[in-house]
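Dropping structure.tsv in here (TSV, C-alpha atoms):
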chain	number	residue	atom	x	y	z
A	1	ALA	CA	22.42	14.99	-54.09
A	2	ALA	CA	24.42	12.36	-52.18
A	3	VAL	CA	25.16	14.87	-49.38
A	4	ALA	CA	21.49	15.82	-49.17
A	5	VAL	CA	20.39	12.20	-48.92
A	6	SER	CA	23.04	11.37	-46.30
A	7	THR	CA	22.00	14.28	-44.06
A	8	ALA	CA	18.28	13.72	-44.53
A	9	THR	CA	18.37	10.02	-43.61
A	10	PRO	CA	19.58	10.47	-39.96
A	11	ALA	CA	17.08	13.30	-39.49
A	12	GLU	CA	14.25	11.11	-40.78
A	13	ALA	CA	15.36	8.24	-38.53
A	14	GLN	CA	15.39	10.59	-35.56
A	15	VAL	CA	11.81	11.71	-36.29
A	16	VAL	CA	10.67	8.10	-36.59
A	17	ARG	CA	12.44	7.15	-33.35
A	18	VAL	CA	10.95	10.02	-31.35
A	19	GLY	CA	7.49	9.48	-32.80
A	20	SER	CA	7.48	5.75	-32.09
A	21	THR	CA	8.52	6.30	-28.47
A	22	ALA	CA	5.86	8.94	-27.97
A	23	ASP	CA	3.29	6.51	-29.37
A	24	SER	CA	4.32	3.70	-27.00
A	25	ARG	CA	1.37	2.39	-25.05
A	26	GLN	CA	3.14	0.35	-22.37
A	27	SER	CA	5.15	1.35	-19.32
A	28	PHE	CA	6.68	-0.37	-16.33
A	29	GLY	CA	7.44	1.39	-13.10
A	30	PHE	CA	8.44	1.30	-9.46
A	31	THR	CA	6.89	3.03	-6.46
A	32	LEU	CA	8.36	4.06	-3.13
A	33	GLY	CA	6.23	5.69	-0.49
A	34	TYR	CA	4.65	5.84	2.93
A	35	PHE	CA	1.56	3.94	4.06
A	36	LYS	CA	-0.58	5.55	6.78
A	37	VAL	CA	-3.13	3.31	8.50
A	38	LYS	CA	-6.63	4.52	9.34
A	39	GLY	CA	-6.99	6.34	12.65
A	40	ASP	CA	-8.84	4.98	15.66
A	41	ASP	CA	-11.87	7.16	14.94
A	42	SER	CA	-12.51	5.57	11.52
A	43	ARG	CA	-11.58	1.92	11.92
A	44	VAL	CA	-14.12	-0.83	11.21
A	45	GLU	CA	-16.33	-2.03	14.08
A	46	GLY	CA	-14.75	-4.99	15.89
A	47	ASP	CA	-11.24	-4.05	14.75
A	48	VAL	CA	-8.62	-5.86	16.82
A	49	ILE	CA	-6.19	-2.92	16.86
A	50	PHE	CA	-8.86	-0.55	18.19
A	51	ASN	CA	-10.09	-3.06	20.77
A	52	ASN	CA	-6.55	-3.69	22.02
A	53	HIS	CA	-6.46	-0.14	23.40
A	54	ALA	CA	-8.80	-1.28	26.20
A	55	SER	CA	-5.99	-3.28	27.81
A	56	LEU	CA	-2.77	-2.29	26.03
A	57	LEU	CA	-0.83	0.95	25.74
A	58	PHE	CA	0.44	1.76	22.23
A	59	ASP	CA	-0.01	4.27	19.42
A	60	THR	CA	-1.94	3.14	16.31
A	61	ASP	CA	0.24	5.45	14.18
A	62	GLU	CA	3.15	3.10	14.88
A	63	PHE	CA	1.66	0.78	12.25
A	64	ASP	CA	2.48	3.40	9.57
A	65	SER	CA	5.27	2.10	7.36
A	66	VAL	CA	7.42	2.48	4.27
A	67	THR	CA	5.96	0.78	1.19
A	68	PHE	CA	7.46	-0.18	-2.17
A	69	GLY	CA	6.14	-1.88	-5.26
A	70	ALA	CA	5.99	-2.26	-9.03
A	71	GLU	CA	3.29	-1.76	-11.65
A	72	TYR	CA	2.53	-2.22	-15.35
A	73	LEU	CA	0.44	0.28	-17.34
A	74	PHE	CA	-1.22	-0.09	-20.72
A	75	ALA	CA	-2.83	2.84	-22.56
A	76	LEU	CA	-6.13	2.03	-24.22
A	77	THR	CA	-6.31	5.60	-25.56
A	78	ASP	CA	-4.49	8.85	-24.93
A	79	TYR	CA	-6.84	9.43	-21.99
A	80	ILE	CA	-7.52	5.97	-20.53
A	81	GLU	CA	-4.97	3.56	-19.00
A	82	LEU	CA	-5.24	0.13	-17.41
A	83	GLY	CA	-2.86	-0.77	-14.60
A	84	ALA	CA	-1.77	-3.82	-12.60
A	85	GLY	CA	0.54	-3.57	-9.61
A	86	ILE	CA	1.81	-5.09	-6.40
A	87	SER	CA	3.30	-3.51	-3.27
A	88	TYR	CA	4.56	-4.45	0.19
A	89	SER	CA	4.41	-2.82	3.59
A	90	GLN	CA	4.94	-3.92	7.18
A	91	GLY	CA	4.41	-1.90	10.32
A	92	GLY	CA	4.26	-2.67	14.00
A	93	ALA	CA	3.85	-1.31	17.48
A	94	ASP	CA	5.46	-2.12	20.83
A	95	SER	CA	2.79	-2.38	23.50
A	96	ILE	CA	2.48	-3.01	27.24
A	97	TYR	CA	-0.43	-3.86	29.49
A	98	ARG	CA	-2.00	-1.00	31.39
A	99	ILE	CA	-1.18	-2.88	34.60
A	100	ALA	CA	2.16	-4.34	35.69
A	101	ASP	CA	2.79	-7.85	37.01
A	102	ASP	CA	3.00	-8.75	40.71
A	103	ASN	CA	6.65	-7.64	40.80
A	104	GLY	CA	5.94	-4.29	39.19
A	105	PHE	CA	7.46	-5.20	35.80
A	106	GLU	CA	5.85	-4.21	32.51
A	107	ILE	CA	4.09	-6.93	30.50
A	108	ALA	CA	5.19	-6.27	26.91
A	109	GLN	CA	4.12	-7.40	23.43
A	110	GLU	CA	5.03	-6.75	19.81
A	111	LEU	CA	2.17	-6.19	17.35
A	112	LYS	CA	2.82	-6.51	13.59
A	113	LEU	CA	0.77	-5.99	10.43
A	114	ARG	CA	2.05	-6.98	6.97
A	115	GLN	CA	0.18	-6.23	3.76
A	116	ILE	CA	0.79	-7.17	0.12
A	117	PRO	CA	-1.85	-5.44	-2.04
A	118	MET	CA	-2.29	-6.55	-5.67
A	119	SER	CA	-4.36	-4.01	-7.59
A	120	GLY	CA	-6.06	-3.69	-10.94
A	121	THR	CA	-6.93	-0.09	-11.86
A	122	VAL	CA	-8.38	2.16	-14.55
A	123	ARG	CA	-6.98	5.69	-14.89
A	124	PHE	CA	-8.35	8.79	-16.60
A	125	LEU	CA	-5.85	11.42	-17.80
A	126	PRO	CA	-7.79	14.65	-18.51
A	127	LEU	CA	-4.82	16.26	-20.34
A	128	GLY	CA	-3.74	13.10	-22.14
A	129	ARG	CA	-0.48	11.17	-22.18
A	130	ARG	CA	1.65	13.59	-24.21
A	131	GLY	CA	1.81	16.75	-22.13
A	132	ALA	CA	4.62	18.17	-20.03
A	133	ILE	CA	2.44	17.40	-17.01
A	134	GLN	CA	0.07	14.43	-16.94
A	135	PRO	CA	-2.41	14.47	-14.02
A	136	TYR	CA	-4.70	11.47	-13.53
A	137	ILE	CA	-7.37	9.98	-11.31
A	138	GLY	CA	-8.48	6.37	-11.11
A	139	ALA	CA	-10.07	3.52	-9.20
A	140	GLY	CA	-9.92	-0.24	-9.08
A	141	VAL	CA	-10.01	-3.49	-7.15
A	142	SER	CA	-7.38	-4.51	-4.60
A	143	VAL	CA	-6.66	-8.05	-3.41
A	144	ILE	CA	-4.63	-7.90	-0.19
A	145	ASN	CA	-2.62	-10.73	1.29
A	146	TRP	CA	-2.14	-9.86	4.97
A	147	ARG	CA	-0.71	-11.18	8.23
A	148	TYR	CA	-1.31	-9.82	11.74
A	149	SER	CA	0.48	-11.09	14.84
A	150	GLU	CA	0.75	-10.44	18.58
A	151	THR	CA	3.86	-11.81	20.29
A	152	GLY	CA	5.00	-11.45	23.88
A	153	ASP	CA	3.52	-11.91	27.37
A	154	PHE	CA	-0.22	-11.92	28.04
A	155	ILE	CA	-2.67	-12.13	30.95
A	156	ASP	CA	-5.24	-14.92	30.98
A	157	PHE	CA	-8.69	-14.94	32.58
A	158	GLU	CA	-7.15	-15.96	35.93
A	159	ASP	CA	-4.75	-12.98	35.84
A	160	LEU	CA	-1.77	-15.25	35.20
A	161	VAL	CA	1.01	-14.05	32.87
A	162	PHE	CA	1.98	-16.42	30.05
A	163	PRO	CA	4.05	-16.18	26.83
A	164	GLY	CA	2.13	-16.34	23.57
A	165	ASN	CA	2.26	-15.88	19.80
A	166	PHE	CA	-1.10	-15.26	18.10
A	167	VAL	CA	-1.25	-15.05	14.30
A	168	ALA	CA	-4.08	-14.31	11.87
A	169	ASP	CA	-3.65	-14.15	8.10
A	170	GLY	CA	-5.66	-14.29	4.93
A	171	THR	CA	-6.51	-12.65	1.62
A	172	SER	CA	-9.13	-9.89	1.45
A	173	VAL	CA	-10.76	-8.05	-1.45
A	174	GLY	CA	-11.36	-4.30	-1.32
A	175	TYR	CA	-11.23	-1.26	-3.56
A	176	VAL	CA	-8.72	1.50	-4.22
A	177	ILE	CA	-9.03	5.16	-5.30
A	178	LEU	CA	-5.97	6.97	-6.62
A	179	GLY	CA	-4.78	10.26	-8.07
A	180	GLY	CA	-1.54	11.91	-8.99
A	181	ALA	CA	0.58	13.49	-11.69
A	182	ARG	CA	3.66	12.49	-13.65
A	183	PHE	CA	6.27	14.44	-15.60
A	184	PRO	CA	8.34	13.24	-18.58
A	185	VAL	CA	12.04	13.79	-17.89
A	186	THR	CA	13.21	12.11	-21.11
A	187	ASP	CA	11.52	10.55	-24.11
A	188	THR	CA	11.24	7.23	-22.23
A	189	TRP	CA	11.20	8.06	-18.49
A	190	ASN	CA	8.53	9.63	-16.27
A	191	ILE	CA	8.64	10.59	-12.62
A	192	GLY	CA	5.68	11.57	-10.48
A	193	GLY	CA	3.78	11.65	-7.23
A	194	GLU	CA	0.65	9.75	-6.29
A	195	PHE	CA	-1.76	9.05	-3.45
A	196	ARG	CA	-3.82	5.89	-3.01
A	197	TRP	CA	-6.69	5.26	-0.59
A	198	HIS	CA	-7.85	1.71	-0.18
A	199	ARG	CA	-10.46	0.01	1.93
A	200	ALA	CA	-10.56	-3.65	2.98
A	201	GLU	CA	-10.94	-5.75	6.10
A	202	GLY	CA	-10.00	-9.25	7.22
A	203	ASP	CA	-11.24	-11.79	9.74
A	204	THR	CA	-9.01	-12.65	12.73
A	205	GLY	CA	-11.11	-15.38	14.32
A	206	GLY	CA	-11.78	-13.27	17.40
A	207	ILE	CA	-11.53	-14.51	20.95
A	208	ASP	CA	-11.37	-18.17	19.85
A	209	GLU	CA	-7.98	-17.40	18.25
A	210	GLY	CA	-6.78	-15.23	21.14
A	211	PHE	CA	-7.68	-11.80	19.70
A	212	LEU	CA	-9.81	-9.06	21.25
A	213	GLY	CA	-11.48	-8.28	17.91
A	214	ASP	CA	-12.84	-10.45	15.13
A	215	LYS	CA	-11.87	-7.95	12.39
A	216	ILE	CA	-8.70	-6.27	11.19
A	217	ASP	CA	-9.04	-2.98	9.29
A	218	LEU	CA	-6.60	-3.02	6.36
A	219	GLY	CA	-7.52	0.41	5.00
A	220	GLY	CA	-5.34	3.46	4.78
A	221	THR	CA	-3.67	6.04	2.56
A	222	THR	CA	-0.42	5.64	0.62
A	223	PHE	CA	1.74	8.50	-0.68
A	224	ASN	CA	4.08	7.35	-3.46
A	225	PHE	CA	6.99	8.61	-5.51
A	226	THR	CA	6.81	6.92	-8.94
A	227	VAL	CA	9.26	6.19	-11.77
A	228	HIS	CA	8.09	4.69	-15.09
A	229	PHE	CA	9.86	3.47	-18.22
A	230	ARG	CA	7.85	3.68	-21.46
A	231	PHE	CA	8.35	1.06	-24.16
Kindly transcribe the structure held in the file into structure tokens.
Amino acid sequence: AAVAVSTATPAEAQVVRVGSTADSRQSFGFTLGYFKVKGDDSRVEGDVIFNNHASLLFDTDEFDSVTFGAEYLFALTDYIELGAGISYSQGGADSIYRIADDNGFEIAQELKLRQIPMSGTVRFLPLGRRGAIQPYIGAGVSVINWRYSETGDFIDFEDLVFPGNFVADGTSVGYVILGGARFPVTDTWNIGGEFRWHRAEGDTGGIDEGFLGDKIDLGGTTFNFTVHFRF
């Protein structure tokens, strides 16, 4: 009887431990990915990056950048999760005027865009939270702290070249749509892949602040690798 009890107790504890972990409703994770800005053909009207092409030579795709972040998830049910997260990305482009100066030298600038999106999301998991594969779709609200700058040499209205540093920043509200799938690798860890598409825009101040557009399009698509710890 003593032997039976001693062998049964660890087995029972193991069942309880596995069951409690599987029933955990919270998880914390990290994301690492690639943010791709919207192309010139779909940017918001009055966008400063699009308007800059009239006088500057650069590629909008140069604003694409690596992004990383963290998020917290809470399961309301086996099929519905709430999420809160933050991420960071910064991209930039080297540009030159389409015309050279009087000595034939290029007139160069550095354009930069930094974004820190903070998102609140709701996710639907059609196969639930307990399968070997857990696909999901979701949507939410994104609050983006951003900063856009143009630094270098510029041409004024009298065709004179002067050094300048023009900065616009702010916080904008938009929305985000997401989808992906995750895979349990242990009882407590998940890995996965995800895409996010968000839309938002900010105000630059336009020509009064030295910019060729009064808007900045903050939208784009992010492709993430995700790792989550369940507790």
Exercise. In Å to one decimal, how far is atom CA of Asp217 of chain A from atom CA of Ile99 of chain A?
Worked result: 26.5 Å
For this session: Could you give me, as a list in words, the residues within 7 Å of segment 157-170 of chain A, counting only C-alpha atoms and dropping anything in the same chain fewer than 5 positions from it?
Result: Asn145, Trp146, Arg147, Tyr148, Ser149, Glu150, Thr151, Gly152, Thr204 and Gly210 of chain A
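If you measure from each of A:Gly220, A:Leu32, A:Gly85, A:Ser42 to Glu194 of chain A using all atoms listed in the file, the closest one turns out to be A:Leu32.
In this comparison, which uses only C-alpha atoms, the residue of A:Val37, A:Leu125, A:Leu212, A:Ala70 approaching Ser55 of chain A most closely is A:Leu212.
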For this session: List every protein, DNA or RNA residue that has an atom no more than 10 Å from (3.8, -1.9, 31.7) in the file's coordinate frame, counting all atoms listed in the file, and report them as JSON, numbers by chain.
Result: {"A": [56, 57, 95, 96, 97, 98, 99, 100, 101, 104, 105, 106, 107, 108, 109]}
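Closest approach to Ser142 of chain A from the set A:Gly219, A:Gly46, A:Gly128, A:Gly33 is made by A:Gly219, with distances taken over all atoms listed in the file.
A straight line drawn from atom CA of Ala84 of chain A to atom CA of Phe183 of chain A is 20.2 Å long.
Distances to Val143 of chain A were evaluated for A:Gly131, A:Gly202, A:Gly69, A:Gly91 using only C-alpha atoms, and the minimum falls at A:Gly202.
Our summary of the geometry notes that atom CA of Gly92 of chain A is positioned 4.7 Å from atom CA of Phe63 of chain A.
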Problem set entry | Surrounding residues of Glu45 of chain A excluding itself and chain neighbours under 3 positions, 12 Å, all atoms listed in the file, as a PyMOL selection string | chain A and resi 40-42+48-51+201-203+212-217
For this session: Could you please give me, as a PyMOL selection string, the residues of protein, DNA or RNA lying at most 7 Å from (4.1, 0.1, -15.1) in the coordinate frame of the file, considering only C-alpha atoms?
Result: chain A and resi 27-29+70-73+228
Problem set entry | Shell around Asp78 of chain A at 10 Å using only C-alpha atoms, local window under 6 positions removed, as a PyMOL selection string | chain A and resi 23+25+124-130
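The shortest atom-to-atom distance to Gly140 of chain A, with all atoms listed in the file taken into account, belongs to A:Glu81 out of A:Asp102, A:Glu110, A:Asp94, A:Glu81.
Closest approach to Thr222 of chain A among A:Ala93, A:Leu76, A:Ile137, A:Val66: A:Val66, based on all atoms listed in the file.
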Since the input has fewer atoms than a full residue there, write segment 197-208 of chain A out with all heavy atoms, as a PDB file, in the coordinates of the input.
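Listing of out.pdb after writing:
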ATOM      1  N   TRP A 197      -5.874   5.569  -1.771  1.00  0.00           N
ATOM      2  CA  TRP A 197      -6.690   5.260  -0.590  1.00  0.00           C
ATOM      3  C   TRP A 197      -7.391   3.954  -0.857  1.00  0.00           C
ATOM      4  O   TRP A 197      -8.076   3.803  -1.871  1.00  0.00           O
ATOM      5  CB  TRP A 197      -7.702   6.370  -0.354  1.00  0.00           C
ATOM      6  CG  TRP A 197      -8.572   6.131   0.857  1.00  0.00           C
ATOM      7  CD1 TRP A 197      -8.276   6.441   2.139  1.00  0.00           C
ATOM      8  CD2 TRP A 197      -9.876   5.535   0.874  1.00  0.00           C
ATOM      9  NE1 TRP A 197      -9.314   6.079   2.973  1.00  0.00           N
ATOM     10  CE2 TRP A 197     -10.309   5.513   2.220  1.00  0.00           C
ATOM     11  CE3 TRP A 197     -10.722   5.010  -0.103  1.00  0.00           C
ATOM     12  CZ2 TRP A 197     -11.547   5.000   2.613  1.00  0.00           C
ATOM     13  CZ3 TRP A 197     -11.949   4.481   0.275  1.00  0.00           C
ATOM     14  CH2 TRP A 197     -12.342   4.494   1.614  1.00  0.00           C
ATOM     15  N   HIS A 198      -7.180   2.988   0.021  1.00  0.00           N
ATOM     16  CA  HIS A 198      -7.850   1.710  -0.180  1.00  0.00           C
ATOM     17  C   HIS A 198      -8.603   1.300   1.076  1.00  0.00           C
ATOM     18  O   HIS A 198      -8.262   1.697   2.190  1.00  0.00           O
ATOM     19  CB  HIS A 198      -6.883   0.620  -0.638  1.00  0.00           C
ATOM     20  CG  HIS A 198      -5.944   0.120   0.410  1.00  0.00           C
ATOM     21  ND1 HIS A 198      -4.645   0.540   0.527  1.00  0.00           N
ATOM     22  CD2 HIS A 198      -6.116  -0.785   1.404  1.00  0.00           C
ATOM     23  CE1 HIS A 198      -4.052  -0.068   1.525  1.00  0.00           C
ATOM     24  NE2 HIS A 198      -4.922  -0.892   2.084  1.00  0.00           N
ATOM     25  N   ARG A 199      -9.622   0.492   0.849  1.00  0.00           N
ATOM     26  CA  ARG A 199     -10.460   0.010   1.930  1.00  0.00           C
ATOM     27  C   ARG A 199     -10.620  -1.503   1.813  1.00  0.00           C
ATOM     28  O   ARG A 199     -10.952  -2.017   0.746  1.00  0.00           O
ATOM     29  CB  ARG A 199     -11.834   0.672   1.894  1.00  0.00           C
ATOM     30  CG  ARG A 199     -12.770   0.196   3.001  1.00  0.00           C
ATOM     31  CD  ARG A 199     -14.083   0.937   2.974  1.00  0.00           C
ATOM     32  NE  ARG A 199     -14.969   0.471   4.038  1.00  0.00           N
ATOM     33  CZ  ARG A 199     -16.178   0.955   4.279  1.00  0.00           C
ATOM     34  NH1 ARG A 199     -16.649   1.949   3.524  1.00  0.00           N
ATOM     35  NH2 ARG A 199     -16.911   0.474   5.258  1.00  0.00           N
ATOM     36  N   ALA A 200     -10.384  -2.203   2.923  1.00  0.00           N
ATOM     37  CA  ALA A 200     -10.560  -3.650   2.980  1.00  0.00           C
ATOM     38  C   ALA A 200     -10.500  -4.060   4.447  1.00  0.00           C
ATOM     39  O   ALA A 200     -10.002  -3.317   5.300  1.00  0.00           O
ATOM     40  CB  ALA A 200      -9.489  -4.380   2.173  1.00  0.00           C
ATOM     41  N   GLU A 201     -10.995  -5.229   4.743  1.00  0.00           N
ATOM     42  CA  GLU A 201     -10.940  -5.750   6.100  1.00  0.00           C
ATOM     43  C   GLU A 201     -10.776  -7.253   6.068  1.00  0.00           C
ATOM     44  O   GLU A 201     -11.159  -7.907   5.097  1.00  0.00           O
ATOM     45  CB  GLU A 201     -12.190  -5.363   6.891  1.00  0.00           C
ATOM     46  CG  GLU A 201     -13.480  -5.915   6.308  1.00  0.00           C
ATOM     47  CD  GLU A 201     -14.708  -5.408   7.041  1.00  0.00           C
ATOM     48  OE1 GLU A 201     -14.863  -4.170   7.146  1.00  0.00           O
ATOM     49  OE2 GLU A 201     -15.504  -6.256   7.495  1.00  0.00           O
ATOM     50  N   GLY A 202     -10.192  -7.817   7.124  1.00  0.00           N
ATOM     51  CA  GLY A 202     -10.000  -9.250   7.220  1.00  0.00           C
ATOM     52  C   GLY A 202     -10.603  -9.798   8.505  1.00  0.00           C
ATOM     53  O   GLY A 202     -10.959  -9.042   9.415  1.00  0.00           O
ATOM     54  N   ASP A 203     -10.697 -11.104   8.571  1.00  0.00           N
ATOM     55  CA  ASP A 203     -11.240 -11.790   9.740  1.00  0.00           C
ATOM     56  C   ASP A 203     -10.093 -12.403  10.546  1.00  0.00           C
ATOM     57  O   ASP A 203      -9.259 -13.128   9.996  1.00  0.00           O
ATOM     58  CB  ASP A 203     -12.215 -12.891   9.321  1.00  0.00           C
ATOM     59  CG  ASP A 203     -13.442 -12.329   8.611  1.00  0.00           C
ATOM     60  OD1 ASP A 203     -13.958 -11.298   9.068  1.00  0.00           O
ATOM     61  OD2 ASP A 203     -13.863 -12.927   7.602  1.00  0.00           O
ATOM     62  N   THR A 204     -10.069 -12.134  11.859  1.00  0.00           N
ATOM     63  CA  THR A 204      -9.010 -12.650  12.730  1.00  0.00           C
ATOM     64  C   THR A 204      -9.394 -13.936  13.449  1.00  0.00           C
ATOM     65  O   THR A 204      -8.525 -14.640  13.961  1.00  0.00           O
ATOM     66  CB  THR A 204      -8.639 -11.607  13.796  1.00  0.00           C
ATOM     67  OG1 THR A 204      -9.757 -11.402  14.672  1.00  0.00           O
ATOM     68  CG2 THR A 204      -8.242 -10.286  13.151  1.00  0.00           C
ATOM     69  N   GLY A 205     -10.672 -14.231  13.529  1.00  0.00           N
ATOM     70  CA  GLY A 205     -11.110 -15.380  14.320  1.00  0.00           C
ATOM     71  C   GLY A 205     -11.555 -15.008  15.709  1.00  0.00           C
ATOM     72  O   GLY A 205     -12.119 -15.827  16.438  1.00  0.00           O
ATOM     73  N   GLY A 206     -11.294 -13.763  16.129  1.00  0.00           N
ATOM     74  CA  GLY A 206     -11.780 -13.270  17.400  1.00  0.00           C
ATOM     75  C   GLY A 206     -11.203 -13.960  18.617  1.00  0.00           C
ATOM     76  O   GLY A 206     -10.071 -14.454  18.608  1.00  0.00           O
ATOM     77  N   ILE A 207     -11.990 -14.013  19.668  1.00  0.00           N
ATOM     78  CA  ILE A 207     -11.530 -14.510  20.950  1.00  0.00           C
ATOM     79  C   ILE A 207     -11.126 -15.977  20.882  1.00  0.00           C
ATOM     80  O   ILE A 207     -10.254 -16.433  21.639  1.00  0.00           O
ATOM     81  CB  ILE A 207     -12.619 -14.298  22.035  1.00  0.00           C
ATOM     82  CG1 ILE A 207     -12.013 -14.442  23.430  1.00  0.00           C
ATOM     83  CG2 ILE A 207     -13.787 -15.217  21.801  1.00  0.00           C
ATOM     84  CD1 ILE A 207     -11.014 -13.369  23.785  1.00  0.00           C
ATOM     85  N   ASP A 208     -11.733 -16.758  19.981  1.00  0.00           N
ATOM     86  CA  ASP A 208     -11.370 -18.170  19.850  1.00  0.00           C
ATOM     87  C   ASP A 208      -9.931 -18.351  19.404  1.00  0.00           C
ATOM     88  O   ASP A 208      -9.322 -19.412  19.653  1.00  0.00           O
ATOM     89  CB  ASP A 208     -12.309 -18.869  18.857  1.00  0.00           C
ATOM     90  CG  ASP A 208     -13.736 -18.982  19.388  1.00  0.00           C
ATOM     91  OD1 ASP A 208     -13.904 -18.904  20.628  1.00  0.00           O
ATOM     92  OD2 ASP A 208     -14.667 -19.126  18.567  1.00  0.00           O
TER      93      ASP A 208
END
